[in-house]
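Heads up, protein.pdb below (PDB, C-alpha atoms, pLDDT in the B column):
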MODEL        1
ATOM      1  CA  MET V   1     150.435 141.119  12.673  1.00 46.00           C
ATOM      2  CA  LEU V   2     151.440 143.490  15.431  1.00 54.00           C
ATOM      3  CA  ASN V   3     149.574 143.477  18.694  1.00 63.00           C
ATOM      4  CA  LEU V   4     148.003 146.933  18.683  1.00 79.00           C
ATOM      5  CA  ASN V   5     145.880 146.534  21.791  1.00 90.00           C
ATOM      6  CA  GLU V   6     145.485 149.530  24.028  1.00 91.00           C
ATOM      7  CA  VAL V   7     144.341 149.783  27.631  1.00 95.00           C
ATOM      8  CA  THR V   8     144.020 153.260  29.096  1.00 95.00           C
ATOM      9  CA  ILE V   9     143.512 153.686  32.825  1.00 97.00           C
ATOM     10  CA  TYR V  10     142.167 156.912  34.298  1.00 97.00           C
ATOM     11  CA  ASN V  11     142.350 157.687  38.002  1.00 97.00           C
ATOM     12  CA  GLU V  12     139.343 159.864  38.894  1.00 96.00           C
ATOM     13  CA  ILE V  13     139.761 159.632  42.664  1.00 95.00           C
ATOM     14  CA  ASP V  14     141.632 161.843  45.113  1.00 91.00           C
ATOM     15  CA  GLU V  15     144.169 159.280  46.196  1.00 91.00           C
ATOM     16  CA  GLU V  16     147.192 157.612  44.688  1.00 92.00           C
ATOM     17  CA  PHE V  17     146.395 154.570  42.593  1.00 94.00           C
ATOM     18  CA  THR V  18     149.285 152.126  42.133  1.00 95.00           C
ATOM     19  CA  TYR V  19     147.632 149.200  40.353  1.00 96.00           C
ATOM     20  CA  GLN V  20     147.764 150.479  36.765  1.00 96.00           C
ATOM     21  CA  ASP V  21     150.541 148.145  35.610  1.00 95.00           C
ATOM     22  CA  ILE V  22     149.034 144.881  36.836  1.00 95.00           C
ATOM     23  CA  ILE V  23     145.562 145.837  35.601  1.00 96.00           C
ATOM     24  CA  GLU V  24     146.981 146.672  32.177  1.00 96.00           C
ATOM     25  CA  LYS V  25     148.792 143.308  32.105  1.00 94.00           C
ATOM     26  CA  VAL V  26     145.725 141.232  32.993  1.00 96.00           C
ATOM     27  CA  VAL V  27     143.521 143.106  30.517  1.00 96.00           C
ATOM     28  CA  ASN V  28     146.116 142.589  27.778  1.00 94.00           C
ATOM     29  CA  LYS V  29     146.271 138.897  28.744  1.00 94.00           C
ATOM     30  CA  THR V  30     142.485 138.771  28.327  1.00 95.00           C
ATOM     31  CA  PHE V  31     142.871 140.272  24.851  1.00 94.00           C
ATOM     32  CA  GLU V  32     145.592 137.727  24.046  1.00 93.00           C
ATOM     33  CA  ILE V  33     143.531 134.747  25.267  1.00 93.00           C
ATOM     34  CA  GLU V  34     140.551 135.997  23.262  1.00 93.00           C
ATOM     35  CA  ARG V  35     142.822 136.494  20.223  1.00 92.00           C
ATOM     36  CA  LEU V  36     142.165 140.217  19.938  1.00 89.00           C
ATOM     37  CA  LYS V  37     144.847 142.007  17.940  1.00 85.00           C
ATOM     38  CA  LYS V  38     143.497 145.531  17.587  1.00 85.00           C
ATOM     39  CA  ALA V  39     141.328 146.223  20.621  1.00 89.00           C
ATOM     40  CA  SER V  40     141.016 149.221  22.880  1.00 91.00           C
ATOM     41  CA  CYS V  41     139.264 149.903  26.167  1.00 95.00           C
ATOM     42  CA  SER V  42     139.367 152.417  28.972  1.00 97.00           C
ATOM     43  CA  ILE V  43     139.257 151.681  32.670  1.00 98.00           C
ATOM     44  CA  ILE V  44     138.147 154.510  34.906  1.00 98.00           C
ATOM     45  CA  ILE V  45     138.762 154.301  38.652  1.00 98.00           C
ATOM     46  CA  VAL V  46     136.017 156.115  40.574  1.00 98.00           C
ATOM     47  CA  ASP V  47     134.482 156.263  44.049  1.00 98.00           C
ATOM     48  CA  ASN V  48     131.190 154.861  45.350  1.00 98.00           C
ATOM     49  CA  SER V  49     129.339 158.136  44.842  1.00 97.00           C
ATOM     50  CA  PHE V  50     130.261 158.340  41.153  1.00 98.00           C
ATOM     51  CA  ILE V  51     129.454 154.709  40.349  1.00 98.00           C
ATOM     52  CA  HIS V  52     126.163 155.006  42.266  1.00 98.00           C
ATOM     53  CA  LYS V  53     125.150 157.894  39.986  1.00 97.00           C
ATOM     54  CA  LEU V  54     126.120 155.881  36.873  1.00 96.00           C
ATOM     55  CA  ASN V  55     124.206 152.840  38.086  1.00 95.00           C
ATOM     56  CA  LYS V  56     121.097 154.912  38.792  1.00 96.00           C
ATOM     57  CA  GLU V  57     121.205 156.958  35.592  1.00 96.00           C
ATOM     58  CA  TYR V  58     122.115 154.264  33.060  1.00 93.00           C
ATOM     59  CA  ARG V  59     120.817 151.067  34.642  1.00 93.00           C
ATOM     60  CA  GLY V  60     117.943 152.361  36.757  1.00 94.00           C
ATOM     61  CA  ILE V  61     119.451 150.709  39.837  1.00 94.00           C
ATOM     62  CA  ASP V  62     119.687 152.967  42.888  1.00 96.00           C
ATOM     63  CA  ARG V  63     122.722 151.480  44.621  1.00 96.00           C
ATOM     64  CA  VAL V  64     126.494 151.234  44.506  1.00 97.00           C
ATOM     65  CA  THR V  65     128.056 148.504  42.399  1.00 96.00           C
ATOM     66  CA  ASP V  66     131.658 147.404  41.979  1.00 97.00           C
ATOM     67  CA  VAL V  67     132.009 147.625  38.201  1.00 97.00           C
ATOM     68  CA  ILE V  68     129.968 148.912  35.272  1.00 97.00           C
ATOM     69  CA  SER V  69     130.850 148.295  31.631  1.00 96.00           C
ATOM     70  CA  PHE V  70     129.653 150.380  28.716  1.00 94.00           C
ATOM     71  CA  ALA V  71     130.179 148.393  25.524  1.00 91.00           C
ATOM     72  CA  LEU V  72     130.594 150.531  22.427  1.00 86.00           C
ATOM     73  CA  GLU V  73     130.068 147.546  20.152  1.00 75.00           C
ATOM     74  CA  ASP V  74     126.465 147.347  21.363  1.00 67.00           C
ATOM     75  CA  ASP V  75     125.834 150.300  19.048  1.00 62.00           C
ATOM     76  CA  LYS V  76     125.931 148.733  15.585  1.00 55.00           C
ATOM     77  CA  SER V  77     125.901 152.166  13.915  1.00 53.00           C
ATOM     78  CA  MET V  78     129.343 152.969  15.251  1.00 57.00           C
ATOM     79  CA  VAL V  79     132.101 153.265  12.646  1.00 50.00           C
ATOM     80  CA  ILE V  80     135.368 151.679  13.736  1.00 64.00           C
ATOM     81  CA  PRO V  81     138.481 153.231  12.122  1.00 63.00           C
ATOM     82  CA  ASP V  82     141.147 150.981  10.619  1.00 69.00           C
ATOM     83  CA  GLY V  83     139.594 147.813  12.000  1.00 71.00           C
ATOM     84  CA  ILE V  84     140.339 148.779  15.600  1.00 77.00           C
ATOM     85  CA  ARG V  85     137.790 147.391  18.042  1.00 82.00           C
ATOM     86  CA  LEU V  86     136.776 150.160  20.412  1.00 85.00           C
ATOM     87  CA  LEU V  87     135.370 147.900  23.096  1.00 92.00           C
ATOM     88  CA  GLY V  88     134.193 150.558  25.535  1.00 93.00           C
ATOM     89  CA  ASP V  89     134.644 151.833  29.065  1.00 96.00           C
ATOM     90  CA  ILE V  90     134.858 150.025  32.375  1.00 98.00           C
ATOM     91  CA  TYR V  91     134.166 151.958  35.582  1.00 98.00           C
ATOM     92  CA  ILE V  92     135.503 150.417  38.791  1.00 98.00           C
ATOM     93  CA  SER V  93     134.670 151.740  42.257  1.00 98.00           C
ATOM     94  CA  LEU V  94     137.850 151.659  44.327  1.00 98.00           C
ATOM     95  CA  ASP V  95     135.758 152.047  47.498  1.00 97.00           C
ATOM     96  CA  LYS V  96     133.666 148.985  46.647  1.00 98.00           C
ATOM     97  CA  ALA V  97     136.753 147.022  45.563  1.00 98.00           C
ATOM     98  CA  LYS V  98     138.359 147.691  48.960  1.00 98.00           C
ATOM     99  CA  GLU V  99     135.181 146.569  50.765  1.00 98.00           C
ATOM    100  CA  GLN V 100     134.951 143.376  48.705  1.00 97.00           C
ATOM    101  CA  ALA V 101     138.641 142.503  49.067  1.00 97.00           C
ATOM    102  CA  LYS V 102     138.238 142.678  52.832  1.00 97.00           C
ATOM    103  CA  GLU V 103     134.929 140.784  52.746  1.00 97.00           C
ATOM    104  CA  TYR V 104     136.342 137.991  50.548  1.00 95.00           C
ATOM    105  CA  GLY V 105     139.657 137.838  52.404  1.00 95.00           C
ATOM    106  CA  HIS V 106     141.954 138.515  49.481  1.00 94.00           C
ATOM    107  CA  SER V 107     144.143 141.370  48.280  1.00 95.00           C
ATOM    108  CA  LEU V 108     142.951 144.614  46.757  1.00 96.00           C
ATOM    109  CA  GLU V 109     145.149 143.807  43.767  1.00 96.00           C
ATOM    110  CA  ARG V 110     143.240 140.565  43.205  1.00 96.00           C
ATOM    111  CA  GLU V 111     139.877 142.305  43.500  1.00 97.00           C
ATOM    112  CA  LEU V 112     140.816 145.102  41.082  1.00 98.00           C
ATOM    113  CA  CYS V 113     142.232 142.644  38.541  1.00 97.00           C
ATOM    114  CA  PHE V 114     139.130 140.483  38.815  1.00 97.00           C
ATOM    115  CA  LEU V 115     136.846 143.488  38.281  1.00 98.00           C
ATOM    116  CA  ALA V 116     138.876 144.704  35.290  1.00 98.00           C
ATOM    117  CA  VAL V 117     138.820 141.278  33.598  1.00 97.00           C
ATOM    118  CA  HIS V 118     135.140 140.883  34.487  1.00 97.00           C
ATOM    119  CA  GLY V 119     134.445 144.228  32.844  1.00 97.00           C
ATOM    120  CA  VAL V 120     136.349 143.247  29.694  1.00 96.00           C
ATOM    121  CA  TYR V 121     134.323 140.064  29.327  1.00 96.00           C
ATOM    122  CA  HIS V 122     131.147 142.126  29.603  1.00 94.00           C
ATOM    123  CA  LEU V 123     132.496 144.393  26.837  1.00 94.00           C
ATOM    124  CA  LEU V 124     133.047 141.256  24.748  1.00 92.00           C
ATOM    125  CA  GLY V 125     129.403 140.262  25.178  1.00 91.00           C
ATOM    126  CA  TYR V 126     129.655 137.746  28.008  1.00 92.00           C
ATOM    127  CA  ASP V 127     127.147 137.820  30.820  1.00 90.00           C
ATOM    128  CA  HIS V 128     126.199 135.915  33.965  1.00 90.00           C
ATOM    129  CA  GLU V 129     122.412 136.122  33.952  1.00 89.00           C
ATOM    130  CA  SER V 130     122.033 132.337  33.837  1.00 92.00           C
ATOM    131  CA  GLU V 131     124.020 129.682  35.676  1.00 93.00           C
ATOM    132  CA  GLU V 132     125.432 128.378  32.391  1.00 94.00           C
ATOM    133  CA  GLU V 133     126.519 131.851  31.223  1.00 92.00           C
ATOM    134  CA  ALA V 134     128.095 132.529  34.624  1.00 92.00           C
ATOM    135  CA  LYS V 135     130.033 129.256  34.499  1.00 95.00           C
ATOM    136  CA  VAL V 136     131.554 130.151  31.108  1.00 94.00           C
ATOM    137  CA  MET V 137     132.349 133.744  32.038  1.00 94.00           C
ATOM    138  CA  PHE V 138     133.856 132.997  35.446  1.00 93.00           C
ATOM    139  CA  LYS V 139     135.981 130.143  34.047  1.00 94.00           C
ATOM    140  CA  LYS V 140     137.462 132.530  31.471  1.00 95.00           C
ATOM    141  CA  GLN V 141     138.133 135.167  34.139  1.00 94.00           C
ATOM    142  CA  GLU V 142     139.908 132.707  36.412  1.00 93.00           C
ATOM    143  CA  GLU V 143     142.046 131.475  33.489  1.00 93.00           C
ATOM    144  CA  VAL V 144     143.327 135.020  32.929  1.00 94.00           C
ATOM    145  CA  LEU V 145     143.988 135.670  36.613  1.00 94.00           C
ATOM    146  CA  MET V 146     145.791 132.345  37.068  1.00 93.00           C
ATOM    147  CA  GLU V 147     148.279 133.395  34.360  1.00 89.00           C
ATOM    148  CA  TYR V 148     149.580 135.916  36.916  1.00 84.00           C
ATOM    149  CA  GLY V 149     149.100 133.785  40.022  1.00 85.00           C
ATOM    150  CA  ILE V 150     146.295 136.049  41.163  1.00 87.00           C
ATOM    151  CA  THR V 151     144.193 133.806  43.381  1.00 78.00           C
ATOM    152  CA  ARG V 152     141.814 134.209  46.294  1.00 73.00           C
TER
ENDMDL
END

Could you rewrite the structure in this file as structure tokens?
Amino acid sequence: MLNLNEVTIYNEIDEEFTYQDIIEKVVNKTFEIERLKKASCSIIIVDNSFIHKLNKEYRGIDRVTDVISFALEDDKSMVIPDGIRLLGDIYISLDKAKEQAKEYGHSLERELCFLAVHGVYHLLGYDHESEEEAKVMFKKQEEVLMEYGITR
């Protein structure tokens, strides 16, 4: 069966964004590791102001966050054409990613790839509310990033 996965990246900020290729690769690697053959998601690059509004409106949390995932599969009434899994949308704040890369002492590329993979695992139903859930989710994320030598 052909790999019909699709990752679409939208730049909604007023500056050049040069990380599309590596983000697409790590997200596709996540799909491959999770054995997804017909999956689709969108990644939208935004600023702190935009993600703050999303966080407040949809999560009731009045602060900036680094990434927010909106899983389409949470809505069981959704009809999926031709067996394609429309996973959902991942919003990443470039401003917050830059802050965190500096804070954690690693590259912006690493931070953006981490946030994209993190968002995909949320779309797939993983969470980190408990220590056990976090251990599983973060192990999977690191496995994907290590495939590309993306380390801290």

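Nearest residue to Glu142 in chain V among V:Cys41, V:Ile13, V:Ile51, V:Val26 is V:Val26, counting only C-alpha atoms.
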
Here's the selection I'm unsure about, the PyMOL selection byres ((chain V and resi 9) around 9); applied to the file above, which residues does it give, as a list in words?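 With the PyMOL selection byres ((chain V and resi 9) around 9) on this model, the match is Val7, Thr8, Tyr10, Asn11, Gln20, Ile23, Glu24, Cys41, Ser42, Ile43, Ile44 and Ile45 of chain V.
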
Need to verify the contact set: range 37-39 of chain V, 12 Å, only C-alpha atoms, exclusion of same-chain residues closer than 2 positions in sequence. Can you return it as a PDB file with C-alpha atoms, keeping the file's coordinate frame?
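The file below, part_11.pdb, is the result:
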ATOM      1  CA  MET V   1     150.435 141.119  12.673  1.00 46.00           C
ATOM      2  CA  LEU V   2     151.440 143.490  15.431  1.00 54.00           C
ATOM      3  CA  ASN V   3     149.574 143.477  18.694  1.00 63.00           C
ATOM      4  CA  LEU V   4     148.003 146.933  18.683  1.00 79.00           C
ATOM      5  CA  ASN V   5     145.880 146.534  21.791  1.00 90.00           C
ATOM      6  CA  GLU V   6     145.485 149.530  24.028  1.00 91.00           C
ATOM      7  CA  VAL V   7     144.341 149.783  27.631  1.00 95.00           C
ATOM      8  CA  THR V   8     144.020 153.260  29.096  1.00 95.00           C
ATOM      9  CA  VAL V  27     143.521 143.106  30.517  1.00 96.00           C
ATOM     10  CA  ASN V  28     146.116 142.589  27.778  1.00 94.00           C
ATOM     11  CA  LYS V  29     146.271 138.897  28.744  1.00 94.00           C
ATOM     12  CA  THR V  30     142.485 138.771  28.327  1.00 95.00           C
ATOM     13  CA  PHE V  31     142.871 140.272  24.851  1.00 94.00           C
ATOM     14  CA  GLU V  32     145.592 137.727  24.046  1.00 93.00           C
ATOM     15  CA  ILE V  33     143.531 134.747  25.267  1.00 93.00           C
ATOM     16  CA  GLU V  34     140.551 135.997  23.262  1.00 93.00           C
ATOM     17  CA  ARG V  35     142.822 136.494  20.223  1.00 92.00           C
ATOM     18  CA  CYS V  41     139.264 149.903  26.167  1.00 95.00           C
ATOM     19  CA  SER V  42     139.367 152.417  28.972  1.00 97.00           C
ATOM     20  CA  LEU V  72     130.594 150.531  22.427  1.00 86.00           C
ATOM     21  CA  GLU V  73     130.068 147.546  20.152  1.00 75.00           C
ATOM     22  CA  ILE V  80     135.368 151.679  13.736  1.00 64.00           C
ATOM     23  CA  PRO V  81     138.481 153.231  12.122  1.00 63.00           C
ATOM     24  CA  ASP V  82     141.147 150.981  10.619  1.00 69.00           C
ATOM     25  CA  GLY V  83     139.594 147.813  12.000  1.00 71.00           C
ATOM     26  CA  ILE V  84     140.339 148.779  15.600  1.00 77.00           C
ATOM     27  CA  ARG V  85     137.790 147.391  18.042  1.00 82.00           C
ATOM     28  CA  LEU V  86     136.776 150.160  20.412  1.00 85.00           C
ATOM     29  CA  LEU V  87     135.370 147.900  23.096  1.00 92.00           C
ATOM     30  CA  GLY V  88     134.193 150.558  25.535  1.00 93.00           C
ATOM     31  CA  VAL V 120     136.349 143.247  29.694  1.00 96.00           C
ATOM     32  CA  LEU V 123     132.496 144.393  26.837  1.00 94.00           C
ATOM     33  CA  LEU V 124     133.047 141.256  24.748  1.00 92.00           C
TER      34      LEU V 124
END

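Atom pair CA of Phe70 in chain V / CA of Glu15 in chain V has a distance of 24.4 Å (rounded to one decimal).
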
If you apply the PyMOL selection byres ((chain V and resi 108) around 12) to this file, what residues do you get, as a PyMOL selection string? chain V and resi 17-19+22-23+93-107+109-115+150-152

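What separates CA of Val46 in chain V from CA of Asp66 in chain V is a distance of 9.8 Å.
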
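The space separating CA of Ala116 in chain V from CA of Met137 in chain V comes to 13.2 Å.
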
Using all atoms listed in the file for the distances, tell me which of V:Tyr58, V:Tyr121, V:Tyr148, V:Phe138 is nearest to Ile90 in chain V.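 The answer is V:Tyr121, which sits nearest to Ile90 in chain V.
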
For range 125-139 of chain V, I'd like the enclosing box, axis-aligned and padded by 5 Å on every side, reported as JSON with centre and edge lengths in Å to one decimal.
{"center_x": 129.0, "center_y": 134.3, "center_z": 30.4, "size_x": 23.9, "size_y": 21.9, "size_z": 20.5}

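You can rank V:Glu132, V:Val144, V:Leu36, V:Glu12 by their closest distance to Tyr91 in chain V using only C-alpha atoms, and at the top of that list sits V:Glu12.
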